[in-house]
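Data file: data-v5.txt. Format and content: compact mmCIF, C-alpha atoms.
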```
# COMPACT_ATOMS: atom_id res chain seq x y z
CA MET W 121 -54.36 85.53 -23.50
CA PRO W 122 -54.87 83.53 -26.75
CA MET W 123 -52.19 83.58 -29.48
CA GLU W 124 -52.41 84.91 -33.03
CA ALA W 125 -51.90 82.38 -35.84
CA SER W 126 -49.37 84.73 -37.42
CA VAL W 127 -47.33 84.77 -34.19
CA ILE W 128 -47.27 80.96 -34.08
CA GLU W 129 -46.23 80.81 -37.74
CA GLN W 130 -43.50 83.38 -37.21
CA MET W 131 -42.06 81.55 -34.19
CA ILE W 132 -41.98 78.27 -36.10
CA LYS W 133 -40.39 79.88 -39.16
CA GLU W 134 -37.71 81.49 -37.00
CA ALA W 135 -36.70 78.03 -35.84
CA PHE W 136 -37.22 76.37 -39.24
CA PRO W 137 -36.35 78.94 -41.94
CA ASP W 138 -37.12 76.44 -44.75
CA ALA W 139 -40.45 75.42 -43.28
CA LYS W 140 -43.80 75.51 -45.00
CA VAL W 141 -46.29 76.23 -42.19
CA ILE W 142 -50.07 75.91 -42.56
CA ILE W 143 -52.13 76.93 -39.54
CA GLU W 144 -55.86 76.63 -39.06
CA ASP W 145 -57.81 78.21 -36.21
CA LEU W 146 -60.05 75.30 -35.27
CA ARG W 147 -62.55 77.20 -33.13
CA GLY W 148 -61.89 80.86 -33.83
CA ASP W 149 -60.90 81.40 -30.19
CA GLY W 150 -57.14 81.76 -30.69
CA ASP W 151 -56.64 78.79 -28.38
CA HIS W 152 -57.25 75.74 -30.54
CA TYR W 153 -55.18 75.50 -33.68
CA SER W 154 -54.04 72.80 -36.06
CA ALA W 155 -50.69 73.23 -37.75
CA LEU W 156 -48.86 71.37 -40.46
CA VAL W 157 -45.12 72.02 -40.51
CA VAL W 158 -43.02 70.74 -43.42
CA SER W 159 -39.25 71.00 -43.07
CA GLU W 160 -36.05 69.18 -44.04
CA ALA W 161 -35.05 69.46 -40.38
CA PHE W 162 -37.39 66.58 -39.53
CA THR W 163 -35.58 64.12 -41.77
CA GLY W 164 -34.60 60.97 -39.85
CA LYS W 165 -36.32 62.14 -36.65
CA SER W 166 -39.04 60.23 -34.79
CA ARG W 167 -42.50 61.79 -34.66
CA VAL W 168 -42.06 62.58 -30.96
CA ALA W 169 -38.73 64.30 -31.68
CA GLN W 170 -40.27 66.26 -34.56
CA HIS W 171 -43.11 67.51 -32.38
CA GLN W 172 -40.68 68.35 -29.55
CA MET W 173 -38.68 70.45 -32.03
CA VAL W 174 -41.80 72.44 -32.90
CA TYR W 175 -42.76 72.81 -29.24
CA GLY W 176 -39.24 74.09 -28.62
CA ALA W 177 -39.76 76.71 -31.34
CA LEU W 178 -42.87 77.86 -29.49
CA GLN W 179 -40.67 78.68 -26.48
CA GLY W 180 -42.82 77.26 -23.73
CA LYS W 181 -46.08 78.73 -25.04
CA MET W 182 -47.43 75.24 -25.74
CA GLY W 183 -49.70 74.04 -22.98
CA GLY W 184 -49.80 77.55 -21.51
CA GLU W 185 -51.06 80.46 -23.65
CA LEU W 186 -51.52 78.00 -26.46
CA HIS W 187 -53.96 75.47 -25.06
CA ALA W 188 -54.25 73.12 -27.99
CA LEU W 189 -52.22 72.68 -31.15
CA ALA W 190 -53.13 69.67 -33.25
CA LEU W 191 -49.74 69.21 -34.82
CA GLN W 192 -48.69 67.36 -37.95
CA THR W 193 -45.08 67.36 -39.08
CA ALA W 194 -43.54 66.09 -42.30
CA THR W 195 -40.43 66.32 -44.43
CA PRO W 196 -40.80 67.70 -48.00
CA GLU W 197 -40.61 64.07 -49.23
CA ASN W 198 -43.46 62.69 -47.10
CA ALA W 199 -45.57 65.83 -47.01
CA PRO W 200 -49.22 65.34 -48.01
CA ASP W 201 -49.82 65.82 -51.76
CA TRP W 202 -52.05 68.85 -51.30
CA VAL W 203 -49.06 70.66 -49.77
CA LYS W 204 -46.59 69.75 -52.50
CA GLY W 205 -48.77 71.19 -55.34
CA MET L 1251 -32.76 67.25 -6.89
CA SER L 1252 -35.00 65.25 -9.23
CA ASN L 1253 -38.72 65.88 -9.24
CA PRO L 1254 -40.51 63.91 -6.42
CA ALA L 1255 -43.27 63.05 -8.87
CA PHE L 1256 -40.73 61.13 -10.97
CA GLU L 1257 -40.61 58.28 -8.46
CA ARG L 1258 -44.35 57.81 -8.61
CA ILE L 1259 -44.26 58.02 -12.41
CA GLN L 1260 -41.48 55.46 -12.65
CA GLN L 1261 -43.43 53.14 -10.35
CA ASP L 1262 -46.59 53.46 -12.45
CA LEU L 1263 -44.60 52.77 -15.60
CA SER L 1264 -42.77 49.76 -14.17
CA GLU L 1265 -45.96 48.17 -12.81
CA ASN L 1266 -48.08 48.68 -15.93
CA ASP L 1267 -47.31 47.86 -19.57
CA VAL L 1268 -49.55 50.63 -20.92
CA VAL L 1269 -50.11 53.86 -18.98
CA LEU L 1270 -52.11 56.88 -20.10
CA TYR L 1271 -51.57 60.12 -18.21
CA MET L 1272 -54.76 62.00 -18.90
CA LYS L 1273 -57.26 64.58 -17.71
CA GLY L 1274 -60.04 62.68 -15.99
CA THR L 1275 -60.47 58.90 -16.01
CA PRO L 1276 -61.02 56.39 -18.81
CA MET L 1277 -64.68 56.22 -17.77
CA PHE L 1278 -65.01 60.02 -17.47
CA PRO L 1279 -62.37 61.83 -19.57
CA GLN L 1280 -62.35 65.56 -18.86
CA CYS L 1281 -60.73 66.62 -22.13
CA GLY L 1282 -61.42 65.80 -25.78
CA PHE L 1283 -57.83 64.87 -26.51
CA SER L 1284 -57.69 62.48 -23.54
CA ALA L 1285 -61.02 60.97 -24.56
CA ALA L 1286 -59.70 60.42 -28.10
CA VAL L 1287 -56.73 58.38 -26.89
CA VAL L 1288 -58.97 56.36 -24.55
CA GLN L 1289 -61.14 55.56 -27.59
CA VAL L 1290 -58.13 54.45 -29.63
CA LEU L 1291 -56.94 52.12 -26.86
CA THR L 1292 -60.44 50.80 -26.19
CA ALA L 1293 -61.02 50.13 -29.89
CA LEU L 1294 -57.80 48.07 -29.95
CA GLY L 1295 -58.91 46.25 -26.77
CA VAL L 1296 -55.71 47.18 -24.96
CA LYS L 1297 -55.62 46.98 -21.17
CA PHE L 1298 -54.17 50.22 -19.80
CA LYS L 1299 -53.87 52.20 -16.60
CA GLY L 1300 -55.37 55.69 -16.73
CA VAL L 1301 -53.75 58.22 -14.41
CA ASP L 1302 -55.82 61.34 -13.76
CA ILE L 1303 -53.42 64.25 -13.43
CA LEU L 1304 -56.21 66.62 -12.42
CA VAL L 1305 -56.24 65.11 -8.94
CA ASP L 1306 -52.53 65.73 -8.42
CA PRO L 1307 -51.07 69.10 -9.61
CA SER L 1308 -47.47 67.98 -8.86
CA LEU L 1309 -48.00 65.01 -11.16
CA ARG L 1310 -49.43 67.29 -13.85
CA GLU L 1311 -46.22 69.31 -14.00
CA GLY L 1312 -43.97 66.35 -13.16
CA ILE L 1313 -45.09 64.29 -16.14
CA LYS L 1314 -44.41 67.19 -18.52
CA GLN L 1315 -40.86 67.49 -17.22
CA PHE L 1316 -40.41 63.70 -17.19
CA SER L 1317 -41.17 63.39 -20.91
CA ASN L 1318 -40.17 66.91 -22.01
CA TRP L 1319 -43.65 67.09 -23.54
CA PRO L 1320 -45.79 70.14 -22.72
CA THR L 1321 -49.29 68.71 -22.91
CA LEU L 1322 -51.63 65.94 -21.82
CA PRO L 1323 -52.57 63.21 -22.59
CA GLN L 1324 -49.34 61.24 -22.70
CA LEU L 1325 -49.21 57.55 -23.64
CA TYR L 1326 -46.47 55.21 -22.41
CA VAL L 1327 -45.92 51.64 -23.59
CA LYS L 1328 -43.40 49.55 -21.63
CA SER L 1329 -42.15 52.75 -19.97
CA GLU L 1330 -41.47 54.40 -23.35
CA PHE L 1331 -43.18 57.67 -24.22
CA VAL L 1332 -45.16 57.08 -27.41
CA GLY L 1333 -46.78 60.47 -27.86
CA GLY L 1334 -49.75 62.70 -27.27
CA CYS L 1335 -53.14 62.65 -28.95
CA ASP L 1336 -51.94 63.64 -32.44
CA ILE L 1337 -49.21 61.05 -32.64
CA VAL L 1338 -51.32 58.25 -31.14
CA ARG L 1339 -54.14 58.94 -33.60
CA GLU L 1340 -51.68 59.14 -36.52
CA MET L 1341 -50.09 55.83 -35.47
CA ALA L 1342 -53.48 54.18 -34.99
CA GLY L 1343 -54.51 55.29 -38.48
CA SER L 1344 -51.32 54.00 -40.11
CA GLY L 1345 -51.31 50.69 -38.17
CA GLU L 1346 -48.06 51.60 -36.40
CA LEU L 1347 -49.74 51.49 -32.99
CA ALA L 1348 -50.94 47.92 -33.47
CA ALA L 1349 -47.47 47.00 -34.72
CA LEU L 1350 -45.95 48.58 -31.62
CA PHE L 1351 -48.21 46.57 -29.31
CA LYS L 1352 -47.42 43.39 -31.21
CA ASP L 1353 -43.71 44.14 -31.08
CA LYS L 1354 -43.88 44.78 -27.31
CA GLY L 1355 -45.94 41.63 -26.70
CA ILE L 1356 -49.02 43.48 -25.50
CA ALA L 1357 -52.39 41.84 -26.03
CA PHE L 1358 -54.83 43.64 -28.30
CA ASN L 1359 -57.68 42.53 -30.53
CA GLY L 1360 -55.78 42.96 -33.80
```
Could you take the file, read its structure, and then write that structure out as structure tokens?
Amino acid sequence: MPMEASVIEQMIKEAFPDAKVIIEDLRGDGDHYSALVVSEAFTGKSRVAQHQMVYGALQGKMGGELHALALQTATPENAPDWVKG
Amino acid sequence: MSNPAFERIQQDLSENDVVLYMKGTPMFPQCGFSAAVVQVLTALGVKFKGVDILVDPSLREGIKQFSNWPTLPQLYVKSEFVGGCDIVREMAGSGELAALFKDKGIAFNG
């Protein structure tokens, strides 16, 4: 059963209240998303740790209901310019 | 009781500098994300061992527990988990992957 983008966003925001979350449905099938998550919580963390934090927020859905999530994480300082604007 | 697959994983990692747990084989990847990492490694000319988790369901779950990472592919360099497809591609793009190989003394055409 695919997942709604809004559900993914909500789960991430519950874990990262300050986060800016941008989700794109890559194939329109509810199974392949890309997500950019910007949060202070990632400061000083390795990329692997940052992604594990987001996967933790998704409470085991990753790799199961949610087949593919192309994930990009950043702190407010190193977020891409188009997000800061 | 630790996962029986862990022993096999640890053996793979100790016997090979670069190991890619993937769906399919380097010659015939069965998933776009696995294929993407194979391309990154091939472009850098890095020798690696591909482990097809589709042929061994216990390994497929074991590797996820081993790294606390929910998806495949998973790249390991000198027994250290580097990341999945997103991270490997990001590192390749920024030059961090080549720097990692250099730092770990792994031959690549950089």
Mind listing as a compact mmCIF listing (two decimals) with C-alpha atoms, in the coordinates of the input which residues of chain W are within 12 Å of chain L, counting only C-alpha atoms?
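Output file out.txt is given in full below:
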```
# COMPACT_ATOMS: atom_id res chain seq x y z
CA HIS W 152 -57.25 75.74 -30.54
CA SER W 154 -54.04 72.80 -36.06
CA ALA W 155 -50.69 73.23 -37.75
CA LEU W 156 -48.86 71.37 -40.46
CA SER W 166 -39.04 60.23 -34.79
CA ARG W 167 -42.50 61.79 -34.66
CA VAL W 168 -42.06 62.58 -30.96
CA ALA W 169 -38.73 64.30 -31.68
CA GLN W 170 -40.27 66.26 -34.56
CA HIS W 171 -43.11 67.51 -32.38
CA GLN W 172 -40.68 68.35 -29.55
CA MET W 173 -38.68 70.45 -32.03
CA VAL W 174 -41.80 72.44 -32.90
CA TYR W 175 -42.76 72.81 -29.24
CA GLY W 176 -39.24 74.09 -28.62
CA LEU W 178 -42.87 77.86 -29.49
CA GLN W 179 -40.67 78.68 -26.48
CA GLY W 180 -42.82 77.26 -23.73
CA LYS W 181 -46.08 78.73 -25.04
CA MET W 182 -47.43 75.24 -25.74
CA GLY W 183 -49.70 74.04 -22.98
CA GLY W 184 -49.80 77.55 -21.51
CA GLU W 185 -51.06 80.46 -23.65
CA LEU W 186 -51.52 78.00 -26.46
CA HIS W 187 -53.96 75.47 -25.06
CA ALA W 188 -54.25 73.12 -27.99
CA LEU W 189 -52.22 72.68 -31.15
CA ALA W 190 -53.13 69.67 -33.25
CA LEU W 191 -49.74 69.21 -34.82
CA GLN W 192 -48.69 67.36 -37.95
CA THR W 193 -45.08 67.36 -39.08
```
Give me, as a ChimeraX atom specification, all polymer residues having an atom no more than 9 Å from Lys1297 (chain L), counting only C-alpha atoms and skipping those fewer than 2 positions away in the same chain.
/L:1267-1268,1291-1292,1295,1299,1356-1358
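Note that the spacing between CA of Pro122 (chain W) and CA of Ala177 (chain W) amounts to 17.2 Å.
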Interatomic distance (Å, one decimal) between CA of Ile132 (chain W) and CA of Thr163 (chain W)
16.5 Å
Applying 12 Å and all atoms listed in the file, which residues near Gly164 (chain W) remain after dropping the ones on its own chain fewer than 6 positions away? List them as an mmCIF file with C-alpha atoms, in the frame of the given file.
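Wrote out-v6.cif, looks like this:
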```
data_model
loop_
_atom_site.group_PDB
_atom_site.id
_atom_site.type_symbol
_atom_site.label_atom_id
_atom_site.label_comp_id
_atom_site.auth_asym_id
_atom_site.auth_seq_id
_atom_site.Cartn_x
_atom_site.Cartn_y
_atom_site.Cartn_z
ATOM 1 C CA GLN W 170 -40.270 66.260 -34.560
ATOM 2 C CA ALA W 194 -43.540 66.090 -42.300
ATOM 3 C CA THR W 195 -40.430 66.320 -44.430
ATOM 4 C CA GLU W 197 -40.610 64.070 -49.230
ATOM 5 C CA ASN W 198 -43.460 62.690 -47.100
#
```
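Counting only C-alpha atoms and comparing W:Val203, W:Val141, W:Ala135, W:Ala125, the residue that lies closest to Tyr153 (chain W) is W:Ala125.
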Nearest residue to Met123 (chain W) from the set W:Val157, W:Asp151, W:Lys140, W:Trp202 (distances using all atoms listed in the file)
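Nearest to Met123 (chain W): W:Asp151.
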I'd like the box whose edges run along x, y and z of the file and which contains every listed atom of region 186-194 of chain W, padded by 4 Å per side; could you state its centre and edge lengths in Å, one decimal, as JSON?
```
{"center_x": -48.9, "center_y": 72.0, "center_z": -33.7, "size_x": 18.7, "size_y": 19.9, "size_z": 25.2}
```
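If you measure from each of L:Leu1263, L:Val1269, L:Leu1294, L:Ala1255 to Gly1343 (chain L) using only C-alpha atoms, the closest one turns out to be L:Leu1294.
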Identify which of the residues L:Leu1350, L:Val1290, L:Ile1303, L:Ile1313 lies closest to Lys1273 (chain L), counting all atoms listed in the file when measuring atom-to-atom distances.
L:Ile1303
